[in-house]
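*Asks:* Sharing a structure here in structure tokens format.
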Amino acid sequence: MLPAISSPTRDIRPLDGMWRFAVDWDNTGIDDGLYTATLPGTREVAVPASVNDLFADEDIRNHVGYWFYQRTVRVPRGWDGERVILRFGSATHHAVVWVDDTEVGRHKGGYLPFEFDVTDHVTAGDTFRLTVAVDNRLDNTCIPPGSVVELPDGRRQQHYLHDFYNYSGLHRSVLLYSRPARHVSDITITTDYSGTTGQVTWAVEQSAPGDIRISVVDQQTGETVATGEGAEGVASISDVTLWTPGIGGLYDLVVQLVDGDEIVDEFRQPFGVRTVRIDGYRFLINDEPFYFTGFGMHEDHETLGKGHSDAHMLQDAELLSWIGANSLRTSHYPYSEEFMDYCDRQGIVVIDETPAVGLNWLMAGGIIDSGGGETYEDGHVDDHTQATHADEIRRLIARDKNRPSVVIWSIANEPDTASPGSVDYFRPLVDLARACDPTRPVGYVNVMFAPHDVCRISGMFDILMLNRYYGWYVDSGDLETSEAKFTAELDGWMERYKLPIIITEYGADTVAGLHSIYDQPFTEDYQVAYLEMNSRVFDACEAVVGEQMWNFADFQTKYGFARVDGNKKGAFTRDRRPKAAARFLRRRWHDMDAARYGRRDHRAR
Ligand code: BDP
């Protein structure tokens with residue numbers, strides 16, 4: 001799916017700000033026609049933001065069902081004759097949208113953009129009433145899955161098996177934009193290079209047939225470096241600037257739909273020239289071995305919840321740079337387009353993950369209470385779940401396929417891969433991911449309970465990504481035993497699969513300010529000792545090509561006896577202050593730059 005941009009033929013009106021707001025307490029608002037008039041009451045809500053932490057009202061925070069959003073929108077006078085599109089960066093988890101009294105569309109899934117052509121329902125120069133019902137309920141037809149439980153007293157509770165709070169609302173920008181009737185509807189760009197010559201292959205889809213002109217523009221210099229024509233083609237860039245980790249380096253593919261001399265539509269699609277390849281135990285970007293340093297992260301902030309804010313995004317990215325991280329995983333869902341754009345521009349390497357988390361009924365008890373039963377059974381992870389999962393893979397790749405920052409697709413986090421049902425569940429999904437994008441490695445993130453001699457699906461993938469908590473969830477406080485066990489396990493994976501390994505999670509909950517002279521879990525000292533131990537294990541294993549500590553920052557979760565105001569495994573606190581671990585990682589990762597990995601200092605940019 002193409003982003004909304006402004007160009008000589010397209011225009012954008014952001015609809016962010018304060019909207020009218022009502023909680024649909026009984027979830028009867030759609031039947032009652034709430035959208036046919038001004039919403040009752042005087043509440044307002046901020047867009048973008050999660051609803052949950054904005055109101056000093058526990059019932060609102062815990063509401064299970066619909067939130068109604070509404071505002072008045074004026075269509076610019078000059079848009080007469082243009083198509084008018086309403087675009088949502090995301091609505092978590094599902095949305096129904098009305099223009100005045102007319103439903104213009106529905107969307108399922110909380111972390112990807114969607115849009116509706118509303119041209120036939122609006123008039124240039126006039127206003128309309130825009131109403132959105134956002135539904136925060138998860139069931140087993142959703143990714144991530146969940147279940148709504150009705151209590152005897154009539155209250156509803158949302159249950160789910162993943163370890164982050166079920167924030168919901170309009171988390172990303174809402175836009176109205178215009179585009180011509182004949183327009184560019186999709187662009188796919190792949191790149192390669194040989195010596196100093198870059199090669200760009202494009203495929204353009206348009207809404208109606210016609211001539212197409214192409215040019216390639218260097219974003220840095222503004223110079224046109226190649227031209228071409230047609231819906232498909234290849235162009236060469238001499239003296240190419242490769243997209244490089246820690247640096248970036250973007251070009252624009254400028255696509256013009258033309259009718260003789262007239263430009264009917266113009267679209268600029270950024271891209272970078274770079275290659276990604278796996279060679280034995282090595283992960284190669286532009287034929288250079290790449291070692292991932294960084295974190296699994298979350299879109300999570302006080303007040304905003306999962307709402308996007310440029311300022312918070314920038315602060316997080318600057319802290320990544322400060323600490324010497326060259327990469328991140330978008331655990332456990334696709335991040336905002338703004339964040340991904342920033343990674344493309346700044347050379348931050350991304351493992352891009354679908355929202356397929358919590359597909360594991362074997363992880364019962366403790367923080368994750370599954371309620372028993374098998375993972376792969378009707379009503380848990382079944383054909384409905386798989387169909388939605390397939391859709392999420394398709395749509396994630398459609399959104400992010402042209403991003404140079406994305407080097408791996410992660411199609412799930414910690415699913416149950418020990419049960420026999422995992423094979424039939426995952427095989428078509430892996431095939432689908434490969435069919436959608438033959439150019440990037442496909443992986444999934446493996447849970448500790450499915451080691452190499454238990455996991456049934458790792459052989460389907462191009463790379464191994466492991467979450468391991470030796471010294472935390474097992475042998476807590478005993479780093480010596482942990483080191484021996486972890487080392488032995490990695491040897492096993494290496495021998496069996498002969499693939500590179502990224503440690504996508506390792507971490508220890510840590511209360512900022514708590515100290516001890518002993519190896520005492522929850523202290524800052526233990527978090528550092530734990531990281532030292534893990535680092536020794538990584539350094540000793542030839543196949544390990546990356547370490548992404550869990551987590552970048554403390555984050556909010558549902559309640560549970562193992563969570564004190566959320567998950568505390570951050571290198572930074574939730575308000576982004578460094579724990580001792582952050583200093584440790586900073587030393588380690590900055591030393592690596594110079595000594596082993598030749599990565600450029602982010603600060604020199
Ligand atoms: C892993 C999950 C992650 C959790 C983490 C933890 O992938 O979402 O937050 O463990 O327990 O199982 O901290």
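To be explicit about the labels: the chains of the structure tokens are called A, B, and onward in the order shown, and within each one the residues are counted from 1, while ligands get numbers from 1 in the order they are shown.
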With a distance cut-off of 12 Å and only C-alpha atoms, select the neighbouring residues of A:Tyr518, excluding the residue or stretch itself and same-chain residues fewer than 5 positions from it, and output the selection as a list in words.
*Replies:*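 Contacts, in chain order: Gly477, Asp478, Leu479, Thr523, Glu524, Asp525, Tyr526, Gln527, Val528 and Ala529 of chain A.
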*Asks:* Those residues you just picked out, can you put them in a file as a compact mmCIF listing (two decimals), in the first residue's frame with N, CA and C atoms?
*Replies:*
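Saved file out-v6.txt follows:
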```
# COMPACT_ATOMS: atom_id res chain seq x y z
N GLY A 477 19.25 -16.00 38.83
CA GLY A 477 20.27 -15.68 39.84
C GLY A 477 21.50 -16.56 39.75
N ASP A 478 21.49 -17.59 38.89
CA ASP A 478 22.66 -18.47 38.78
C ASP A 478 23.28 -18.31 37.39
N LEU A 479 24.19 -17.37 37.28
CA LEU A 479 24.74 -17.03 35.97
C LEU A 479 25.73 -18.08 35.46
N THR A 523 18.03 -6.20 40.60
CA THR A 523 18.91 -5.06 40.84
C THR A 523 19.58 -4.63 39.53
N GLU A 524 20.03 -3.39 39.50
CA GLU A 524 20.76 -2.90 38.33
C GLU A 524 22.06 -3.68 38.16
N ASP A 525 22.66 -4.05 39.29
CA ASP A 525 23.93 -4.79 39.23
C ASP A 525 23.72 -6.15 38.56
N TYR A 526 22.59 -6.78 38.90
CA TYR A 526 22.33 -8.11 38.30
C TYR A 526 22.07 -7.97 36.81
N GLN A 527 21.36 -6.95 36.42
CA GLN A 527 21.09 -6.77 34.98
C GLN A 527 22.41 -6.66 34.21
N VAL A 528 23.37 -5.92 34.79
CA VAL A 528 24.67 -5.78 34.11
C VAL A 528 25.40 -7.12 34.09
N ALA A 529 25.42 -7.82 35.23
CA ALA A 529 26.11 -9.11 35.28
C ALA A 529 25.47 -10.10 34.30
```
*Asks:* Pick out each residue of stretch 181-428 of chain A that DSSP on the backbone tags as strand (DSSP E); I need them as JSON, numbers by chain.
*Replies:* {"A": [184, 185, 186, 187, 188, 189, 190, 191, 192, 193, 194, 197, 198, 199, 200, 201, 202, 203, 204, 205, 206, 211, 212, 213, 214, 215, 216, 217, 218, 224, 225, 226, 227, 228, 229, 232, 233, 234, 235, 236, 237, 251, 252, 253, 254, 255, 256, 257, 258, 259, 262, 263, 264, 265, 266, 267, 268, 269, 270, 271, 276, 277, 278, 279, 282, 283, 284, 285, 288, 289, 292, 293, 294, 295, 296, 327, 328, 329, 349, 350, 351, 352, 353, 406, 407, 408, 409, 410, 411, 412, 413]}
*Asks:* Using only C-alpha atoms and all ligand atoms, find each residue with an atom at most 7 Å away from ligand 1 and format the answer as a list in words.
*Replies:* His162, Asp163, Phe164, Asn413, Glu414, Val447, Asn467, Trp550, Asn567 and Lys569 of chain A
*Asks:* Write out, as a short mmCIF file (atom, residue, chain, number, x, y, z; two decimals), in the first residue's frame, the residues just selected, with N, CA, C and O atoms.
*Replies:*
```
data_model
loop_
_atom_site.label_atom_id
_atom_site.label_comp_id
_atom_site.auth_asym_id
_atom_site.auth_seq_id
_atom_site.Cartn_x
_atom_site.Cartn_y
_atom_site.Cartn_z
N HIS A 162 -0.34 -12.24 25.23
CA HIS A 162 0.91 -11.50 25.00
C HIS A 162 1.19 -10.54 26.15
O HIS A 162 0.28 -10.15 26.89
N ASP A 163 2.47 -10.16 26.24
CA ASP A 163 2.95 -9.44 27.41
C ASP A 163 3.09 -7.93 27.16
O ASP A 163 4.13 -7.35 27.40
N PHE A 164 2.04 -7.33 26.61
CA PHE A 164 2.02 -5.86 26.58
C PHE A 164 0.58 -5.42 26.66
O PHE A 164 -0.33 -6.14 26.24
N ASN A 413 6.07 -14.04 16.75
CA ASN A 413 6.90 -14.06 17.95
C ASN A 413 6.46 -15.17 18.89
O ASN A 413 5.29 -15.20 19.32
N GLU A 414 7.38 -16.06 19.19
CA GLU A 414 7.19 -17.11 20.19
C GLU A 414 5.89 -17.90 20.04
O GLU A 414 5.17 -18.12 21.02
N VAL A 447 10.74 -19.48 20.82
CA VAL A 447 10.63 -19.40 22.27
C VAL A 447 11.51 -20.45 22.93
O VAL A 447 11.78 -21.52 22.37
N ASN A 467 14.75 -16.16 21.35
CA ASN A 467 14.56 -15.41 22.61
C ASN A 467 15.01 -16.32 23.75
O ASN A 467 14.45 -17.40 23.93
N TRP A 550 16.25 -7.41 25.35
CA TRP A 550 14.85 -7.14 25.70
C TRP A 550 14.83 -6.37 26.99
O TRP A 550 15.32 -6.87 27.97
N ASN A 567 6.47 -4.28 32.55
CA ASN A 567 7.68 -5.06 32.33
C ASN A 567 8.88 -4.14 32.53
O ASN A 567 8.94 -3.06 31.96
N LYS A 569 12.21 -4.80 32.02
CA LYS A 569 13.47 -5.27 31.45
C LYS A 569 14.19 -4.20 30.63
O LYS A 569 15.19 -4.50 29.96
#
```
*Asks:* Report as a VMD selection string all protein, DNA and RNA residues lying within 9 Å of stretch 123-134 of chain A, evaluated on only C-alpha atoms, omitting residues in the same chain fewer than 3 positions from it.
*Replies:* chain A and resid 24 29 to 30 34 to 39 65 to 82 91 to 101 119 to 120 168 to 170
*Asks:* Listing only residues of stretch 303-404 of chain A within 12 Å of stretch 273-278 of chain A, what is the closest atom pair and its distance in Å (to one decimal) for each, using only C-alpha atoms, sorted by chain and residue number ascending, as CSV?
*Replies:*
```
residue,atom,partner,partner_atom,distance
A:Asp344,CA,A:Val273,CA,11.4
A:Gly347,CA,A:Arg274,CA,11.3
A:Val349,CA,A:Val276,CA,11.3
A:Asn402,CA,A:Val273,CA,10.3
A:Arg403,CA,A:Val273,CA,10.0
A:Pro404,CA,A:Arg274,CA,6.9
```
*Asks:* Skip A:Leu161 itself and residues of its chain fewer than 5 positions away, then list as a ChimeraX atom specification all residues within 12 Å of it, counting only C-alpha atoms.
*Replies:* /A:138-140,143-147,166,356-372,375,380-381,413-416,557-558,560
